[in-house]
Each structure stands twice: as C-alpha cells, then as structure tokens.
Amino acid sequence: MSAGITVSNLWKIFGPRAERVMTSDDRHLDPAALRERTGCTAAVRDVSFEVRPGEVFVVMGLSGSGKSTLVRCLTRLVEPTSGEISIGGEDVVRATPAGLRELRRHKVSMVFQHFGLLPHRRVIDNVAYGLEIQGAAKAARHARAREILTLVGLDGHADAYPDQLSGGMQQRVGLARALAVEPQVMLFDEPFSALDPLIRRDMQAEVVRLHREVGKTMVFITHDLAEALKLGERIAIMRDGAIVQLGTPEQLVGAPADDYVADFVRDVPRSDVLSLRWICREPDEHDSLDGPALAASTVIREAVPVAAASALPIRVMDGERLVGVVDRVDILASLAVPEKVPA
C-alpha cells in the first residue's frame, strides 16, 4: 500500500526572528539580504507540490538549496515555520506527538546518507529494529527481516555485523530496515552520495527494482542530475529554498524553465531522455506514411538506427493512432544543444 503527499505553501525559516520574518515582507528578500537584515535564513520558501501514490518523486539541487530541509519537514524532523503537509490524507503539521510517532513508526520510513546501523547488533536485528519499536514479537520480526533481506539481495548475511559488510551492503541493510515496517512512503536523503561510483550505480538499480516490486511512494533527495534522471518519474529542481521547475525528465531536458535549469541539463545527452513524442511533427504533403513505425515513447537514441536504415519518415504511434512523423533531419536537429533561455 502507498500514500500520496501534498505540500502547500511550505516555509522553513531558521533564526531568532523566524516568526516575525514569516509575517513580514522580509521573507521575500533574496537570501543575502534576508540574512543581513534579520539574521535569518529561509531554507524552504513557499514550496508546493504533490506526490502521487506509488510515484518516485525526486528533489534535486546544489548544496544549500533547501532539499534536505524540505524532506525533513515532511515528517517534522525539522519543524516547518508555516504551510501545510499531508501524507495519506493525514495532517502532519497539526499531528500530536503521539500521532507523529505513529506516522514515523508505521507510515513513513527514511533512509539517510549515513546508514545509522547499530554496530553491536547483527544484520537481522538491525533490519528488525523498527518492528521491535512497534512491539512485534521476536520470532515474527525476525521472520519478516529474513523476507526483506532476501528481497534486497542479502541472503546469508543475517548473522553478520555491520562492520563485516561493504558500504553498499550496509546501505542495503538500511533499505531493508526501512522496508521491514511496510511503510506507505519512503524518504531518501542522498542515501548513496558517500558510496563509490560503481556501488552507487548498483544501488540506484536496486531502488528501481524495489520500486517495481513493492510500489512504494518514494521521495528521493539528490544533488546528482544523472541519479535524478535515472530514478525520478518527476523531478523538482530547487534553488535558494524554492522550486524553480517541476516536471518529468523529458520536460526538464527539453524545455528548461530558465538559465539555471538549462545549465543543469546542458550536458545531458538529449537522445537518452527525449522521446519521439517530444520531437515529432505533423506530416505534410511530401511525407510518405509508408515508413517504419515506432511507439511515441521511444527515446531518440533507440530511433537513430531505424531512421538511418530508411529513407522514409518514421511514423510515431500511440497505440494505433498516428501522433506524427520524424525524419533524419528532425532527429539531428533535436540533438543540438539549445541556446540559453533569454533572461
């Protein structure tokens, strides 16, 4: 089971005068001016978004953009200054301490960059820790932990201690611990940024596989664009505490909202992200409709050999419906790096 998330007009202001700043026009000052005038920092600025049940939603940005503060606000590990948060229809901002404990124990799990494993406990007891907190009997929680260890590829390691495992295996233990309590929502705060590149790639693939198998709602925080594009069904890019663009990977790469986003995606191979639906056009009187057909969701890179093998335009199809056509010229033009968006 998974739950959706709704965030409306969320603010988090750090500093001694946060409440006063929140009720004044000072909150709209740029970060440097706000610090100079008030001594406060607006880490999250008027953020609103929705995460659909079962969606992988990525929040990315540079260091200091507010993304980690945002994800911590979702379960009030960091208290929001203002705004609304709902998880599975439950009002998080107005939740009582008991309600928050229930939310964190049963509905939402979090995976951090630092694994936070208990070094004196075996792997199986680390995985079962959340169930122990819930009051589950030892036999039941160990049985569940063994199921999850199988799911994350750690069969045979139940009796090991964390320091006997590699970094990637330890992070798998962290994933297993988060999954063991059967949460509706999983929050990931840059969980793989400390791992070696090859292990990081394997862990990204593991998240994709796990999502396919268990279907949890996932919010994933990262500063790595390649990771965001690989994992996210939709991506929110943050800057100075605000979301500057929210969209699919294709929308971000194909139509960046401003220079900031354009610079982020400039080096992304467009042929690996944009689909034929993005670049197709209406056929004209000179276009033959006898050429090869490809699904509209086909990425450009996969269409290149088809276009090279045929002198006729490719028919772009949505099921049985003709969406448009693309030819070699259209494909070549789509691969050009776009000019900067005018200020």
# chains A, B, ... in the order shown; residues from 1 in each chain; ligands from 1
>>> residues_around(residues="segment 22-30 of chain A", least_positions_apart="6", cutoff="8 Å", atoms="only C-alpha atoms", output="compact mmCIF listing (two decimals) with N, CA, C and O atoms, in the first residue's frame")
# COMPACT_ATOMS: atom_id res chain seq x y z
N ILE A 13 12.05 28.85 8.06
CA ILE A 13 12.98 29.95 8.29
C ILE A 13 13.75 29.67 9.57
O ILE A 13 13.16 29.43 10.63
N ALA A 42 16.01 31.63 5.06
CA ALA A 42 14.81 30.93 4.56
C ALA A 42 15.27 29.71 3.78
O ALA A 42 15.61 29.79 2.61
N THR A 81 8.03 26.35 9.54
CA THR A 81 7.61 27.65 10.08
C THR A 81 6.17 27.94 9.71
O THR A 81 5.40 28.50 10.49
N SER A 82 5.80 27.53 8.49
CA SER A 82 4.44 27.77 8.01
C SER A 82 4.15 26.82 6.86
O SER A 82 5.07 26.32 6.21
>>> residues_around(residues="Leu210 of chain A", least_positions_apart="3", cutoff="10 Å", atoms="only C-alpha atoms", output="list in words")
Leu151, Val152, Leu175, Leu179, Gln204, Ala205, Glu206, Val207, Glu213, Val214, Gly215 and Lys216 of chain A
>>> select_by_dssp(residues="segment 2-85 of chain A", states="alpha helix (DSSP H)", output="compact mmCIF listing (two decimals) with N, CA, C and O atoms, in the first residue's frame")
# COMPACT_ATOMS: atom_id res chain seq x y z
N ALA A 18 12.33 34.17 13.33
CA ALA A 18 11.67 33.47 12.24
C ALA A 18 10.18 33.80 12.15
O ALA A 18 9.66 34.06 11.06
N GLU A 19 9.49 33.80 13.27
CA GLU A 19 8.04 34.05 13.24
C GLU A 19 7.74 35.47 12.77
O GLU A 19 6.80 35.70 12.00
N ARG A 20 8.55 36.44 13.21
CA ARG A 20 8.34 37.82 12.78
C ARG A 20 8.61 37.96 11.28
O ARG A 20 7.87 38.63 10.57
N VAL A 21 9.68 37.31 10.81
CA VAL A 21 10.01 37.37 9.37
C VAL A 21 8.88 36.78 8.55
O VAL A 21 8.50 37.30 7.50
N MET A 22 8.29 35.69 9.05
CA MET A 22 7.24 34.99 8.31
C MET A 22 6.02 35.88 8.10
O MET A 22 5.30 35.73 7.10
N PRO A 31 18.36 35.69 -0.37
CA PRO A 31 18.99 35.11 0.82
C PRO A 31 20.00 36.02 1.52
O PRO A 31 20.00 36.13 2.74
N ALA A 32 20.87 36.67 0.75
CA ALA A 32 21.90 37.52 1.37
C ALA A 32 21.26 38.71 2.08
O ALA A 32 21.64 39.05 3.21
N ALA A 33 20.28 39.34 1.43
CA ALA A 33 19.63 40.49 2.04
C ALA A 33 18.83 40.10 3.29
O ALA A 33 18.79 40.84 4.28
N LEU A 34 18.21 38.92 3.24
CA LEU A 34 17.44 38.46 4.40
C LEU A 34 18.36 38.22 5.60
O LEU A 34 18.04 38.62 6.73
N ARG A 35 19.50 37.59 5.36
CA ARG A 35 20.44 37.37 6.45
C ARG A 35 20.97 38.67 7.02
O ARG A 35 21.09 38.85 8.23
N GLU A 36 21.27 39.62 6.13
CA GLU A 36 21.82 40.90 6.58
C GLU A 36 20.82 41.68 7.41
O GLU A 36 21.16 42.28 8.43
N ARG A 37 19.55 41.67 6.97
CA ARG A 37 18.55 42.48 7.66
C ARG A 37 18.03 41.82 8.93
O ARG A 37 17.75 42.51 9.92
N THR A 38 17.87 40.49 8.91
CA THR A 38 17.17 39.82 10.01
C THR A 38 18.01 38.79 10.76
O THR A 38 17.61 38.35 11.84
N LYS A 67 16.93 21.27 -0.15
CA LYS A 67 16.28 19.98 -0.41
C LYS A 67 16.25 19.05 0.81
O LYS A 67 15.22 18.41 1.08
N SER A 68 17.35 19.00 1.58
CA SER A 68 17.36 18.13 2.76
C SER A 68 16.46 18.68 3.86
O SER A 68 15.79 17.92 4.57
N THR A 69 16.42 20.00 4.01
CA THR A 69 15.50 20.60 4.98
C THR A 69 14.06 20.28 4.60
O THR A 69 13.23 19.94 5.45
N LEU A 70 13.77 20.35 3.31
CA LEU A 70 12.42 20.06 2.83
C LEU A 70 11.99 18.65 3.21
O LEU A 70 10.90 18.45 3.76
N VAL A 71 12.83 17.66 2.93
CA VAL A 71 12.42 16.28 3.20
C VAL A 71 12.28 16.03 4.70
O VAL A 71 11.43 15.25 5.14
N ARG A 72 13.07 16.71 5.52
CA ARG A 72 12.95 16.56 6.96
C ARG A 72 11.69 17.24 7.49
O ARG A 72 11.15 16.83 8.53
N CYS A 73 11.22 18.25 6.80
CA CYS A 73 9.96 18.90 7.20
C CYS A 73 8.77 17.96 7.00
O CYS A 73 7.75 18.10 7.69
>>> atom_distance(atom1="atom CA of Pro119 of chain A", atom2="atom CA of Ser166 of chain A")
13.4 Å
>>> atom_distance(atom1="atom CA of Gly168 of chain A", atom2="atom CA of Met203 of chain A")
7.2 Å
>>> closest_atom_pairs(of="segment 296-323 of chain A", to="segment 330-337 of chain A", cutoff="10 Å", atoms="only C-alpha atoms", output="CSV")
residue,atom,partner,partner_atom,distance
A:Ile300,CA,A:Ile331,CA,7.1
A:Arg301,CA,A:Ile331,CA,9.1
A:Ala303,CA,A:Ile331,CA,8.5
A:Val304,CA,A:Ile331,CA,7.5
A:Ala307,CA,A:Ile331,CA,8.4
A:Pro313,CA,A:Asp330,CA,9.5
>>> write_last_selection(atoms="N, CA, C and O atoms", output="short mmCIF file (atom, residue, chain, number, x, y, z; two decimals), in the first residue's frame")
data_model
loop_
_atom_site.label_atom_id
_atom_site.label_comp_id
_atom_site.auth_asym_id
_atom_site.auth_seq_id
_atom_site.Cartn_x
_atom_site.Cartn_y
_atom_site.Cartn_z
N ILE A 300 14.98 8.96 -28.47
CA ILE A 300 15.60 9.27 -29.75
C ILE A 300 16.75 8.33 -30.07
O ILE A 300 16.90 7.88 -31.22
N ARG A 301 17.58 8.04 -29.08
CA ARG A 301 18.74 7.18 -29.32
C ARG A 301 18.34 5.84 -29.94
O ARG A 301 19.01 5.33 -30.85
N ALA A 303 15.80 5.34 -31.79
CA ALA A 303 15.22 5.55 -33.12
C ALA A 303 16.28 5.83 -34.18
O ALA A 303 15.99 5.73 -35.38
N VAL A 304 17.50 6.19 -33.75
CA VAL A 304 18.54 6.57 -34.71
C VAL A 304 18.83 5.47 -35.72
O VAL A 304 18.84 5.72 -36.94
N ALA A 307 15.99 5.25 -38.25
CA ALA A 307 16.00 6.36 -39.20
C ALA A 307 17.12 6.21 -40.22
O ALA A 307 16.96 6.53 -41.40
N PRO A 313 10.18 8.79 -43.61
CA PRO A 313 9.98 9.22 -42.23
C PRO A 313 9.45 8.09 -41.35
O PRO A 313 8.74 7.19 -41.82
#
>>> residues_around(residues="Asp267 of chain A", least_positions_apart="3", cutoff="10 Å", atoms="only C-alpha atoms", output="list in words")
Val253, Ala262, Asp263, Phe264, Arg270 and Val337 of chain A
>>> residues_around(residues="segment 281-291 of chain A", least_positions_apart="5", cutoff="8 Å", atoms="only C-alpha atoms", output="VMD selection string")
chain A and resid 310 312 to 315 323 to 326
>>> residues_around(residues="segment 227-230 of chain A", least_positions_apart="2", cutoff="8 Å", atoms="only C-alpha atoms", output="list in words")
Val58, Val59, Met60, Gln204, Thr222, Asp224, Leu225, Gly232, Ile235 and Pro249 of chain A
>>> closest_residue(among="A:Leu195, A:Val244, A:Leu322, A:Leu154", to="Val47 of chain A", atoms="only C-alpha atoms")
A:Val244
>>> residues_around(residues="segment 94-110 of chain A", least_positions_apart="2", cutoff="7 Å", atoms="only C-alpha atoms", output="ChimeraX atom specification")
/A:91-92,112,130,134,178,181,183-188
>>> write_last_selection(atoms="all heavy atoms", output="CSV table (one decimal), in the first residue's frame")
chain,number,residue,atom,x,y,z
A,91,ASP,N,-3.0,15.1,8.3
A,91,ASP,CA,-2.4,16.4,8.5
A,91,ASP,C,-1.2,16.3,9.4
A,91,ASP,O,-1.3,16.1,10.6
A,91,ASP,CB,-3.5,17.3,9.2
A,91,ASP,CG,-3.0,18.8,9.2
A,91,ASP,OD1,-1.8,19.0,9.2
A,91,ASP,OD2,-3.9,19.7,9.2
A,92,VAL,N,0.0,16.4,8.8
A,92,VAL,CA,1.2,16.2,9.5
A,92,VAL,C,1.5,17.5,10.4
A,92,VAL,O,2.0,17.3,11.6
A,92,VAL,CB,2.4,16.0,8.6
A,92,VAL,CG1,3.7,15.9,9.3
A,92,VAL,CG2,2.2,14.7,7.8
A,112,PHE,N,18.9,7.5,5.2
A,112,PHE,CA,19.8,8.6,5.2
A,112,PHE,C,21.1,8.3,4.5
A,112,PHE,O,21.4,7.1,4.3
A,112,PHE,CB,20.1,9.1,6.7
A,112,PHE,CG,18.9,9.6,7.5
A,112,PHE,CD1,18.2,8.7,8.3
A,112,PHE,CD2,18.6,10.9,7.4
A,112,PHE,CE1,17.1,9.2,9.0
A,112,PHE,CE2,17.5,11.4,8.1
A,112,PHE,CZ,16.8,10.5,8.9
A,130,GLY,N,12.9,-1.5,13.6
A,130,GLY,CA,11.6,-0.8,13.6
A,130,GLY,C,10.5,-1.6,14.1
A,130,GLY,O,9.5,-1.1,14.7
A,134,GLN,N,7.9,-1.2,17.3
A,134,GLN,CA,6.5,-1.3,17.2
A,134,GLN,C,5.9,-2.3,18.2
A,134,GLN,O,4.7,-2.4,18.4
A,134,GLN,CB,6.1,-1.8,15.8
A,134,GLN,CG,6.3,-0.7,14.7
A,134,GLN,CD,5.9,-1.2,13.3
A,134,GLN,OE1,5.4,-2.3,13.2
A,134,GLN,NE2,6.1,-0.4,12.3
A,178,ALA,N,14.2,0.0,6.4
A,178,ALA,CA,13.1,0.9,6.1
A,178,ALA,C,11.9,0.2,5.5
A,178,ALA,O,10.8,0.5,5.8
A,178,ALA,CB,13.6,2.0,5.1
A,181,VAL,N,9.1,-2.4,8.0
A,181,VAL,CA,7.9,-1.9,8.7
A,181,VAL,C,6.7,-1.7,7.8
A,181,VAL,O,5.7,-1.3,8.2
A,181,VAL,CB,8.2,-0.7,9.5
A,181,VAL,CG1,9.2,-0.9,10.6
A,181,VAL,CG2,8.6,0.5,8.6
A,183,PRO,N,6.2,0.5,5.2
A,183,PRO,CA,5.7,1.8,5.2
A,183,PRO,C,4.9,2.1,3.9
A,183,PRO,O,5.1,1.4,2.9
A,183,PRO,CB,7.0,2.6,5.2
A,183,PRO,CG,8.0,1.8,4.4
A,183,PRO,CD,7.6,0.4,4.8
A,184,GLN,N,4.1,3.1,3.9
A,184,GLN,CA,3.4,3.6,2.7
A,184,GLN,C,4.3,4.6,1.9
A,184,GLN,O,4.1,4.7,0.7
A,184,GLN,CB,2.1,4.3,3.1
A,184,GLN,CG,1.1,3.4,3.8
A,184,GLN,CD,-0.1,4.1,4.3
A,184,GLN,OE1,-0.5,5.2,3.7
A,184,GLN,NE2,-0.8,3.6,5.3
A,185,VAL,N,5.2,5.2,2.6
A,185,VAL,CA,6.1,6.3,2.0
A,185,VAL,C,7.5,6.0,2.4
A,185,VAL,O,7.8,5.7,3.6
A,185,VAL,CB,5.6,7.7,2.4
A,185,VAL,CG1,6.6,8.7,1.9
A,185,VAL,CG2,4.2,8.0,1.9
A,186,MET,N,8.4,6.1,1.5
A,186,MET,CA,9.9,6.1,1.8
A,186,MET,C,10.5,7.4,1.4
A,186,MET,O,10.4,7.8,0.3
A,186,MET,CB,10.5,4.9,1.1
A,186,MET,CG,9.9,3.5,1.5
A,186,MET,SD,10.8,2.1,0.8
A,186,MET,CE,12.4,2.2,1.7
A,187,LEU,N,11.3,7.9,2.3
A,187,LEU,CA,12.0,9.2,2.1
A,187,LEU,C,13.5,8.8,2.0
A,187,LEU,O,14.1,8.2,3.0
A,187,LEU,CB,11.7,10.2,3.2
A,187,LEU,CG,10.3,10.5,3.4
A,187,LEU,CD1,10.1,11.5,4.6
A,187,LEU,CD2,9.5,11.0,2.2
A,188,PHE,N,14.2,9.3,1.0
A,188,PHE,CA,15.7,9.0,0.8
A,188,PHE,C,16.4,10.4,0.8
A,188,PHE,O,16.2,11.2,-0.1
A,188,PHE,CB,15.9,8.3,-0.5
A,188,PHE,CG,15.3,6.9,-0.6
A,188,PHE,CD1,14.0,6.8,-1.0
A,188,PHE,CD2,16.0,5.8,-0.4
A,188,PHE,CE1,13.4,5.6,-1.1
A,188,PHE,CE2,15.4,4.5,-0.5
A,188,PHE,CZ,14.1,4.4,-0.9
>>> residues_around(residues="Gly54 of chain A", least_positions_apart="4", cutoff="8 Å", atoms="only C-alpha atoms", output="list in words")
Ser2, Ala3, Gly4, Gly215, Lys216, Thr217 and Met218 of chain A
>>> closest_residue(among="A:Val273, A:Ile148, A:Ala295, A:Ile199", to="Glu320 of chain A", atoms="only C-alpha atoms")
A:Ala295
>>> atom_distance(atom1="atom CA of Trp278 of chain A", atom2="atom CA of Val306 of chain A")
17.2 Å
